[in-house]
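*Asks:* Input data19.txt, format and content: compact mmCIF, C-alpha atoms.
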```txt
# COMPACT_ATOMS: atom_id res chain seq x y z
CA MET A 1 9.23 69.71 20.66
CA VAL A 2 11.11 66.41 20.19
CA THR A 3 14.83 66.92 19.74
CA GLN A 4 16.90 64.96 17.26
CA GLU A 5 18.55 63.08 20.10
CA GLN A 6 15.19 62.16 21.63
CA ARG A 7 13.96 60.98 18.24
CA ARG A 8 17.09 58.87 17.80
CA ARG A 9 16.58 57.25 21.19
CA GLN A 10 12.91 56.59 20.42
CA LEU A 11 13.77 54.88 17.14
CA ALA A 12 16.45 52.81 18.85
CA ARG A 13 13.98 51.77 21.55
CA GLU A 14 11.37 50.78 18.96
CA LYS A 15 13.98 48.77 17.06
CA PHE A 16 14.96 46.99 20.28
CA LEU A 17 11.33 46.15 21.05
CA ARG A 18 10.81 44.73 17.55
CA GLN A 19 13.92 42.56 17.93
CA GLN A 20 12.70 41.28 21.28
CA GLN A 21 9.29 40.44 19.80
CA ARG A 22 10.91 38.51 16.96
CA ARG A 23 13.16 36.61 19.37
CA THR A 24 10.23 35.79 21.63
CA SER A 25 8.23 34.55 18.65
CA ALA A 26 11.16 32.43 17.42
CA ARG A 27 11.61 30.88 20.88
CA ARG A 28 7.89 30.12 21.09
CA LYS A 29 7.94 28.40 17.68
CA ALA A 30 11.06 26.44 18.64
CA ARG A 31 9.41 25.26 21.89
CA MET A 32 6.31 24.17 19.99
CA ARG A 33 8.39 22.31 17.39
CA ASN A 34 10.54 20.61 20.01
CA ALA A 35 7.48 19.64 22.01
CA ALA A 36 5.93 18.07 18.93
CA ILE A 37 9.13 16.17 18.16
CA ALA A 38 9.42 15.01 21.77
CA SER A 39 5.84 13.82 21.65
CA VAL A 40 6.51 11.79 18.51
CA LEU A 41 9.65 10.25 19.94
CA GLY A 42 7.72 9.39 23.09
CA VAL A 43 5.16 7.55 21.03
CA ILE A 44 7.95 5.64 19.29
CA LEU A 45 9.47 4.58 22.61
CA ILE A 46 6.16 3.60 24.19
CA GLY A 47 4.35 2.04 21.29
CA SER A 48 7.26 1.11 19.04
CA VAL A 49 5.21 1.66 15.94
CA ALA A 50 2.34 3.97 16.71
CA LEU A 51 3.77 7.07 15.05
CA TYR A 52 1.21 9.79 14.62
CA THR A 53 1.52 10.81 11.00
CA THR A 54 0.87 14.52 11.28
CA GLY A 55 3.66 14.80 13.83
CA VAL A 56 6.20 13.11 11.63
CA VAL A 57 6.20 13.20 7.85
CA LEU A 58 3.52 11.04 6.44
CA ASP A 59 0.58 13.44 6.56
CA ASP A 60 0.03 14.84 3.10
CA GLY A 61 -1.59 17.90 4.66
CA ASP A 62 -4.34 18.29 2.08
CA SER A 63 -7.70 18.92 3.74
CA LYS A 64 -9.31 17.09 0.85
CA THR A 65 -6.82 14.26 0.40
CA ASN A 66 -4.64 14.84 1.75
CA ALA A 67 9.27 6.59 3.53
CA ASN A 68 19.60 -0.31 5.21
CA ALA A 69 22.44 1.72 5.09
CA GLU A 70 23.64 4.01 7.87
CA VAL A 71 22.96 7.65 7.14
CA THR A 72 25.41 10.49 7.72
CA PRO A 73 24.25 12.78 10.57
CA SER A 74 22.49 15.97 9.59
CA ALA A 75 24.89 18.44 8.01
CA SER A 76 22.91 21.26 9.62
CA ALA A 77 24.46 20.35 12.97
CA SER A 78 27.83 21.50 11.66
CA SER A 79 29.09 25.03 12.15
CA GLU A 80 29.59 25.29 8.41
CA PRO A 81 26.66 25.53 5.99
CA PRO A 82 25.86 22.17 4.38
CA LYS A 83 26.98 21.62 0.82
CA ASP A 84 24.17 21.19 -1.65
CA PRO A 85 24.87 17.96 -3.61
CA CYS A 86 22.24 18.68 -6.27
CA ASP A 87 22.03 20.68 -9.48
CA LYS A 88 19.82 23.62 -10.31
CA PRO A 89 16.23 22.76 -11.27
CA ALA A 90 15.27 22.65 -14.92
CA GLU A 91 13.34 25.61 -16.27
CA GLY A 92 9.60 25.33 -15.99
CA LYS A 93 6.65 25.96 -13.70
CA VAL A 94 4.59 23.73 -11.45
CA LYS A 95 1.12 22.93 -12.74
CA THR A 96 -1.67 23.62 -10.29
CA GLN A 97 -4.58 21.76 -11.85
CA THR A 98 -6.79 19.54 -9.72
CA TRP A 99 -9.57 17.03 -10.41
CA LYS A 100 -12.80 16.29 -8.61
CA LYS A 101 -12.58 12.50 -8.70
CA GLU A 102 -10.14 9.66 -9.05
CA PRO A 103 -9.22 8.99 -12.69
CA ALA A 104 -10.80 6.05 -14.49
CA MET A 105 -8.77 2.85 -14.52
CA THR A 106 -6.64 2.80 -17.68
CA ILE A 107 -3.63 0.69 -16.74
CA ASP A 108 -3.23 -3.01 -17.42
CA LYS A 109 -3.34 -4.52 -13.93
CA SER A 110 -1.41 -7.58 -15.07
CA ALA A 111 1.45 -5.60 -16.64
CA LYS A 112 4.62 -4.23 -15.08
CA TYR A 113 5.07 -0.48 -14.71
CA THR A 114 8.01 1.63 -13.62
CA MET A 115 8.21 5.25 -12.52
CA LYS A 116 11.24 7.41 -13.13
CA LEU A 117 11.81 10.53 -11.07
CA ALA A 118 14.35 12.66 -12.90
CA THR A 119 15.47 14.86 -10.01
CA THR A 120 18.07 17.57 -9.60
CA CYS A 121 20.05 15.10 -7.49
CA GLY A 122 19.90 12.20 -9.97
CA ASP A 123 17.41 9.71 -11.35
CA ILE A 124 15.34 7.59 -8.99
CA ASP A 125 13.82 4.55 -10.71
CA ILE A 126 10.93 2.77 -9.01
CA ALA A 127 9.41 -0.61 -9.83
CA LEU A 128 5.66 -0.20 -9.22
CA LYS A 129 3.49 -2.85 -7.57
CA THR A 130 0.74 -2.74 -10.17
CA SER A 131 -1.30 -5.80 -9.28
CA ALA A 132 -1.11 -5.16 -5.52
CA ALA A 133 -1.87 -1.41 -5.70
CA PRO A 134 -3.70 -0.79 -9.00
CA HIS A 135 -5.56 2.35 -7.91
CA THR A 136 -2.33 3.95 -6.70
CA VAL A 137 -0.34 3.02 -9.80
CA ASN A 138 -3.18 4.14 -12.05
CA SER A 139 -3.32 7.50 -10.26
CA PHE A 140 0.43 8.04 -10.61
CA ASN A 141 0.27 7.05 -14.26
CA PHE A 142 -2.47 9.66 -14.75
CA LEU A 143 -0.76 12.44 -12.78
CA ALA A 144 2.64 11.86 -14.36
CA GLY A 145 1.04 11.97 -17.79
CA LYS A 146 -0.46 15.35 -16.92
CA GLY A 147 2.92 16.71 -15.78
CA PHE A 148 1.56 17.09 -12.24
CA PHE A 149 4.85 16.19 -10.54
CA ASP A 150 7.13 18.11 -12.89
CA HIS A 151 9.15 20.92 -11.24
CA THR A 152 7.81 20.06 -7.77
CA PRO A 153 10.15 20.00 -4.75
CA CYS A 154 10.53 17.16 -2.29
CA HIS A 155 9.58 19.26 0.68
CA ARG A 156 10.35 17.19 3.75
CA LEU A 157 13.16 15.00 5.10
CA THR A 158 13.13 13.16 8.43
CA THR A 159 16.33 11.88 10.01
CA ASN A 160 15.06 11.08 13.49
CA GLY A 161 12.76 8.18 14.42
CA ILE A 162 11.85 7.41 10.83
CA HIS A 163 13.98 8.02 7.76
CA VAL A 164 12.06 9.21 4.73
CA LEU A 165 11.98 11.83 2.00
CA GLN A 166 8.51 13.15 1.20
CA CYS A 167 7.51 14.44 -2.24
CA GLY A 168 4.47 14.92 -4.46
CA ASP A 169 3.09 18.25 -3.23
CA PRO A 170 2.88 20.89 -5.98
CA THR A 171 2.76 23.65 -3.35
CA GLY A 172 5.97 22.51 -1.69
CA GLN A 173 4.37 23.21 1.70
CA GLY A 174 2.95 19.80 2.59
CA ASN A 175 -0.69 20.72 2.09
CA GLY A 176 -1.25 20.16 -1.64
CA GLY A 177 -2.80 17.37 -3.64
CA PRO A 178 -4.67 16.45 -6.82
CA GLY A 179 -8.14 17.25 -5.45
CA TYR A 180 -9.23 13.61 -5.16
CA THR A 181 -8.42 10.68 -2.89
CA ILE A 182 -7.55 7.07 -3.60
CA PRO A 183 -8.18 3.98 -1.47
CA ASP A 184 -5.57 2.32 0.72
CA GLU A 185 -4.04 -0.77 -0.88
CA ASN A 186 -1.51 -3.49 -0.22
CA LEU A 187 -1.36 -2.91 3.55
CA LYS A 188 -0.56 -6.58 4.11
CA ASP A 189 2.45 -6.53 1.80
CA GLU A 190 4.92 -9.23 2.80
CA SER A 191 7.71 -6.64 3.02
CA LEU A 192 6.04 -4.90 5.98
CA LYS A 193 7.35 -7.18 8.69
CA GLU A 194 7.23 -6.27 12.39
CA ASN A 195 5.63 -2.91 11.62
CA THR A 196 8.63 -1.70 9.67
CA TYR A 197 8.81 -0.10 6.24
CA PRO A 198 12.12 -1.34 4.84
CA ALA A 199 14.65 0.83 3.05
CA GLY A 200 13.79 1.14 -0.62
CA THR A 201 10.02 1.28 -0.08
CA VAL A 202 7.87 3.93 -1.77
CA ALA A 203 4.54 4.49 -0.01
CA MET A 204 1.63 6.90 0.08
CA ALA A 205 1.25 9.68 2.62
CA ASN A 206 -2.22 10.26 4.06
CA THR A 207 -4.09 12.29 6.66
CA SER A 208 -3.92 9.43 9.21
CA GLN A 209 -7.46 8.49 8.22
CA PRO A 210 -8.27 5.51 5.97
CA ASN A 211 -8.45 6.03 2.21
CA THR A 212 -7.11 9.60 2.20
CA GLY A 213 -4.11 9.26 -0.08
CA GLY A 214 -3.69 11.96 -2.72
CA SER A 215 -0.45 12.70 -4.56
CA GLN A 216 2.10 12.92 -1.75
CA PHE A 217 4.38 9.95 -1.21
CA PHE A 218 7.50 9.07 0.72
CA LEU A 219 10.71 7.23 -0.08
CA VAL A 220 12.32 5.21 2.70
CA TYR A 221 16.13 5.44 2.79
CA GLN A 222 16.58 3.49 6.04
CA ASN A 223 14.35 0.94 7.78
CA SER A 224 11.62 2.89 9.57
CA PRO A 225 9.18 1.73 12.29
CA LEU A 226 5.67 2.51 11.09
CA PRO A 227 2.27 0.86 11.37
CA PRO A 228 1.01 -0.68 8.10
CA SER A 229 -1.25 2.28 7.30
CA TYR A 230 0.47 3.70 4.22
CA THR A 231 0.05 2.03 0.84
CA PRO A 232 3.40 0.55 -0.26
CA PHE A 233 3.33 0.77 -4.04
CA GLY A 234 6.92 0.68 -5.26
CA THR A 235 10.53 -0.38 -4.71
CA ILE A 236 13.50 1.88 -5.43
CA SER A 237 16.36 0.63 -7.61
CA ASP A 238 19.91 0.34 -6.25
CA GLU A 239 20.97 3.38 -8.28
CA GLY A 240 17.99 5.30 -6.97
CA MET A 241 18.91 4.39 -3.40
CA THR A 242 22.36 5.88 -3.97
CA VAL A 243 20.72 9.15 -4.98
CA LEU A 244 18.33 9.02 -2.02
CA LYS A 245 21.12 8.42 0.48
CA LYS A 246 23.04 11.35 -0.97
CA ILE A 247 20.03 13.56 -0.30
CA ALA A 248 19.66 12.21 3.23
CA ALA A 249 23.37 12.69 3.97
CA ALA A 250 23.02 16.43 3.35
CA GLY A 251 20.58 16.61 6.28
CA GLU A 252 17.55 18.78 6.90
CA SER A 253 17.16 22.48 7.61
CA THR A 254 16.04 22.55 11.26
CA GLY A 255 18.73 20.37 12.83
CA ALA A 256 15.94 18.71 14.83
CA GLY A 257 15.43 15.77 12.48
CA ASP A 258 12.36 16.95 10.58
CA GLY A 259 12.37 19.75 8.04
CA ALA A 260 13.09 20.77 4.48
CA PRO A 261 16.05 18.90 2.98
CA ASN A 262 19.28 20.87 2.69
CA ALA A 263 19.69 19.38 -0.76
CA THR A 264 17.75 21.14 -3.50
CA VAL A 265 15.57 18.16 -4.40
CA VAL A 266 13.25 18.98 -7.28
CA ILE A 267 11.51 16.50 -9.55
CA ASP A 268 12.29 17.93 -12.98
CA LYS A 269 10.12 15.29 -14.62
CA ALA A 270 8.21 12.18 -13.56
CA THR A 271 7.30 9.46 -16.04
CA VAL A 272 5.44 6.18 -15.67
CA THR A 273 6.22 3.51 -18.27
CA LYS A 274 4.64 0.16 -19.05
CA SER A 275 7.34 -2.47 -19.40
```
Could the structure of this file be written out as structure tokens, please?
*Replies:*
Amino acid sequence: MVTQEQRRRQLAREKFLRQQQRRTSARRKARMRNAAIASVLGVILIGSVALYTTGVVLDDGDSKTNANAEVTPSASASSEPPKDPCDKPAEGKVKTQTWKKEPAMTIDKSAKYTMKLATTCGDIDIALKTSAAPHTVNSFNFLAGKGFFDHTPCHRLTTNGIHVLQCGDPTGQGNGGPGYTIPDENLKDESLKENTYPAGTVAMANTSQPNTGGSQFFLVYQNSPLPPSYTPFGTISDEGMTVLKKIAAAGESTGAGDGAPNATVVIDKATVTKS
């Protein structure tokens, strides 16, 4: 017959074993993450620009479809918890609808369009490159009109190697999209000099394969070395850059330079307007 003391010791031993298993699992995940980051940084040092997208932040993760100022170091490196510079998200739910094919062209390719991201951290206004990237602008016009981006989080911030905030995934996990893909465009944009995406650029994420853009995109807050493989389709306003730098200054959650932003960045509403 098991005594109360024996039972207590057994429970304590089982608790200890569970703790050890969790610690072992956490260390294994940390080693895998650090190895991936080291691999990416090695590619940057060796090839200067040959960043593998799935190892950094530009892979939109969807199996079907599937970023000039100095930035404050990650707040997560501090012993104190980082301060969230953003407000609470507006009430509402993310829409999960998808479509089987790219929407029909409805925009005026010769007109000017702007996109406004009303986020919890402030408004980010973007001048869209309509004539250079008509399929991309048309897709964003369609998705914004459907409320696809409303209430979605910007799920990823990189502060090491490249400097971008990634948004546009309704799942918030990096693997969502609209169900269709759009072609690459504007890859010879004059702004992409010496394999660098300059601060203020808005470009499409993809699966590292041609013509696999979906809904995920990235906003560049500091010049970032990248090969010209991601459709540049917009330029952020000065006021929008102030908001973006504020988000970047709060750092990311892992402390390793690639993770969820510490700031609660949610797109309350996205609108595309013909001007």
*Asks:* Atom CA of A:Gly259 and atom CA of A:Asn211 are how many Å apart?
*Replies:* 25.6 Å
*Asks:* Work out how far atom CA of A:Pro82 is from atom CA of A:Ala256, in Å to one decimal.
*Replies:*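 Going from atom CA of A:Ala256 over to atom CA of A:Pro82 covers 14.8 Å.
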*Asks:* Quick one: residues within 9 Å of (16.7, 19.4, 11.0) (file frame), counting only C-alpha atoms, please, as number ranges by chain.
*Replies:* A: 74-77, 157-160, 251-262
*Asks:* What is the atom CA of A:Thr201 to atom CA of A:Lys101 distance in Å?
*Replies:*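 Spanning atom CA of A:Thr201 to atom CA of A:Lys101 is a straight-line distance of 26.7 Å.
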*Asks:* Which residue out of A:Ala270, A:Cys167, A:Ala132, A:Val265 has the minimum interatomic distance to A:Lys88 when all atoms listed in the file are used?
*Replies:*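 Going through A:Ala270, A:Cys167, A:Ala132, A:Val265 one by one, the smallest distance to A:Lys88 is for A:Val265.
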*Asks:* Can you tell me, as a list of chain:residue names, what residues are no more than 7 Å from A:Ala133 when counting all atoms listed in the file, ignoring any on the same chain fewer than 4 positions away?
*Replies:*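 Counting only the stated atoms, we get A:Lys129, A:Val137, A:Glu185, A:Asn186, A:Phe233.
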*Asks:* For A:Phe149, list every protein, DNA or RNA residue within 12 Å, evaluated using all atoms listed in the file, and leave out those in the same chain fewer than 5 positions away; present the list as a PyMOL selection string.
*Replies:* chain A and resi 92-97+115-119+139-144+154+167-172+176-178+215-217+266-272
*Asks:* Please provide the set of residues having any atom within 10 Å of A:Lys188, restricted to only C-alpha atoms, with same-chain residues fewer than 6 positions apart removed, written as number ranges by chain.
*Replies:* A: 132, 228-229, 231-232
*Asks:* For A:Gly214, which of A:Thr181, A:Thr98, A:Thr136, A:Thr235 is the closest residue, counting all atoms listed in the file?
*Replies:*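 Among the listed residues, A:Thr181 lies closest to A:Gly214.
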*Asks:* Need the shell around A:Met105: protein/DNA/RNA residues with any atom at most 8 Å away, counting all atoms listed in the file. Skip same-chain ones fewer than 2 positions apart. Format as a list in words?
*Replies:*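 Counting only the stated atoms, we get Pro103, Ile107, His135 and Asn138 of chain A.
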*Asks:* Output the selection as an mmCIF file, in the frame of the given file - C-alpha atoms for each residue.
*Replies:*
```cif
data_model
loop_
_atom_site.group_PDB
_atom_site.id
_atom_site.type_symbol
_atom_site.label_atom_id
_atom_site.label_comp_id
_atom_site.auth_asym_id
_atom_site.auth_seq_id
_atom_site.Cartn_x
_atom_site.Cartn_y
_atom_site.Cartn_z
ATOM 1 C CA PRO A 103 -9.220 8.990 -12.690
ATOM 2 C CA ILE A 107 -3.630 0.690 -16.740
ATOM 3 C CA HIS A 135 -5.560 2.350 -7.910
ATOM 4 C CA ASN A 138 -3.180 4.140 -12.050
#
```
*Asks:* Restricting the calculation to all atoms listed in the file, which member of A:Pro85, A:Pro134, A:Pro225, A:Gly213 is positioned closest to A:Ser110?
*Replies:*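 Of the candidates, the smallest distance to A:Ser110 is held by A:Pro134.
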*Asks:* Using all atoms listed in the file, which of the listed residues (A:Ala249, A:Leu192, A:Leu187, A:Ile182) sits closest to A:Asp84?
*Replies:*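 Among the listed residues, the smallest separation from A:Asp84 belongs to A:Ala249.
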*Asks:* For a quick check of understanding, using all atoms listed in the file, which of A:Thr273, A:Asn195, A:Asn206, A:Thr106 has the smallest distance to A:Asn175?
*Replies:*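 Ranking A:Thr273, A:Asn195, A:Asn206, A:Thr106 by distance to A:Asn175, first place goes to A:Asn206.
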*Asks:* Which is closer to A:Ser191 than all the others in A:Lys274, A:Phe218, A:Gly234, A:Leu244, using only C-alpha atoms?
*Replies:* A:Gly234
*Asks:* Output file request: stretch 95-107 of chain A, with all heavy atoms, as a tab-separated table (two decimals), in the first residue's frame.
*Replies:*
```
chain	number	residue	atom	x	y	z
A	95	LYS	N	-11.96	38.72	-41.09
A	95	LYS	CA	-12.70	37.94	-42.07
A	95	LYS	C	-11.79	36.85	-42.62
A	95	LYS	O	-10.61	37.07	-42.84
A	95	LYS	CB	-13.22	38.84	-43.19
A	95	LYS	CG	-14.25	39.86	-42.72
A	95	LYS	CD	-14.81	40.66	-43.89
A	95	LYS	CE	-15.88	41.64	-43.41
A	95	LYS	NZ	-16.46	42.43	-44.53
A	96	THR	N	-12.36	35.69	-42.86
A	96	THR	CA	-11.55	34.56	-43.29
A	96	THR	C	-11.88	34.09	-44.70
A	96	THR	O	-11.50	32.99	-45.09
A	96	THR	CB	-11.75	33.37	-42.32
A	96	THR	OG1	-13.16	33.03	-42.28
A	96	THR	CG2	-11.28	33.73	-40.92
A	97	GLN	N	-12.55	34.90	-45.47
A	97	GLN	CA	-12.93	34.47	-46.81
A	97	GLN	C	-11.72	34.40	-47.74
A	97	GLN	O	-10.75	35.14	-47.59
A	97	GLN	CB	-13.98	35.42	-47.40
A	97	GLN	CG	-13.54	36.88	-47.46
A	97	GLN	CD	-14.66	37.78	-47.93
A	97	GLN	OE1	-15.53	37.37	-48.67
A	97	GLN	NE2	-14.65	39.02	-47.47
A	98	THR	N	-11.78	33.49	-48.69
A	98	THR	CA	-10.74	33.34	-49.70
A	98	THR	C	-11.40	33.22	-51.07
A	98	THR	O	-12.61	32.96	-51.18
A	98	THR	CB	-9.86	32.10	-49.44
A	98	THR	OG1	-10.69	30.93	-49.42
A	98	THR	CG2	-9.12	32.23	-48.12
A	99	TRP	N	-10.57	33.38	-52.11
A	99	TRP	CA	-11.06	33.33	-53.49
A	99	TRP	C	-10.18	32.39	-54.29
A	99	TRP	O	-8.99	32.23	-54.00
A	99	TRP	CB	-11.06	34.72	-54.10
A	99	TRP	CG	-11.97	35.67	-53.39
A	99	TRP	CD1	-13.26	35.98	-53.70
A	99	TRP	CD2	-11.65	36.46	-52.22
A	99	TRP	NE1	-13.78	36.90	-52.80
A	99	TRP	CE2	-12.81	37.20	-51.88
A	99	TRP	CE3	-10.51	36.59	-51.42
A	99	TRP	CZ2	-12.86	38.07	-50.80
A	99	TRP	CZ3	-10.55	37.44	-50.32
A	99	TRP	CH2	-11.72	38.17	-50.03
A	100	LYS	N	-10.74	31.80	-55.32
A	100	LYS	CA	-10.02	30.80	-56.10
A	100	LYS	C	-9.10	31.40	-57.15
A	100	LYS	O	-8.15	30.75	-57.59
A	100	LYS	CB	-11.01	29.85	-56.78
A	100	LYS	CG	-11.79	28.98	-55.80
A	100	LYS	CD	-12.70	28.01	-56.54
A	100	LYS	CE	-13.44	27.11	-55.58
A	100	LYS	NZ	-14.35	26.15	-56.27
A	101	LYS	N	-9.37	32.64	-57.58
A	101	LYS	CA	-8.52	33.24	-58.60
A	101	LYS	C	-8.38	34.74	-58.38
A	101	LYS	O	-9.17	35.36	-57.68
A	101	LYS	CB	-9.09	32.97	-60.00
A	101	LYS	CG	-10.48	33.53	-60.23
A	101	LYS	CD	-10.95	33.18	-61.64
A	101	LYS	CE	-12.35	33.74	-61.92
A	101	LYS	NZ	-12.80	33.43	-63.30
A	102	GLU	N	-7.35	35.26	-58.99
A	102	GLU	CA	-7.06	36.69	-58.89
A	102	GLU	C	-8.26	37.50	-59.38
A	102	GLU	O	-8.90	37.14	-60.38
A	102	GLU	CB	-5.83	37.02	-59.76
A	102	GLU	CG	-5.46	38.49	-59.78
A	102	GLU	CD	-4.33	38.79	-60.75
A	102	GLU	OE1	-3.81	37.84	-61.37
A	102	GLU	OE2	-3.98	39.97	-60.89
A	103	PRO	N	-8.60	38.58	-58.68
A	103	PRO	CA	-9.75	39.38	-59.11
A	103	PRO	C	-9.54	40.03	-60.47
A	103	PRO	O	-8.41	40.32	-60.87
A	103	PRO	CB	-9.88	40.43	-58.00
A	103	PRO	CG	-8.51	40.53	-57.42
A	103	PRO	CD	-7.96	39.14	-57.48
A	104	ALA	N	-10.62	40.26	-61.17
A	104	ALA	CA	-10.56	40.93	-62.48
A	104	ALA	C	-10.02	42.34	-62.30
A	104	ALA	O	-10.21	42.98	-61.27
A	104	ALA	CB	-11.95	40.96	-63.11
A	105	MET	N	-9.35	42.84	-63.32
A	105	MET	CA	-8.78	44.17	-63.27
A	105	MET	C	-9.88	45.23	-63.30
A	105	MET	O	-10.67	45.30	-64.24
A	105	MET	CB	-7.83	44.37	-64.46
A	105	MET	CG	-7.04	45.67	-64.43
A	105	MET	SD	-5.81	45.75	-63.10
A	105	MET	CE	-4.69	44.39	-63.55
A	106	THR	N	-9.96	46.03	-62.24
A	106	THR	CA	-10.98	47.07	-62.15
A	106	THR	C	-10.40	48.46	-61.94
A	106	THR	O	-11.12	49.45	-62.05
A	106	THR	CB	-11.96	46.77	-61.00
A	106	THR	OG1	-11.23	46.72	-59.76
A	106	THR	CG2	-12.68	45.46	-61.22
A	107	ILE	N	-9.12	48.55	-61.63
A	107	ILE	CA	-8.53	49.86	-61.39
A	107	ILE	C	-8.19	50.55	-62.71
A	107	ILE	O	-8.07	49.91	-63.76
A	107	ILE	CB	-7.26	49.76	-60.52
A	107	ILE	CG1	-6.19	48.94	-61.24
A	107	ILE	CG2	-7.57	49.20	-59.16
A	107	ILE	CD1	-4.82	49.04	-60.61
```
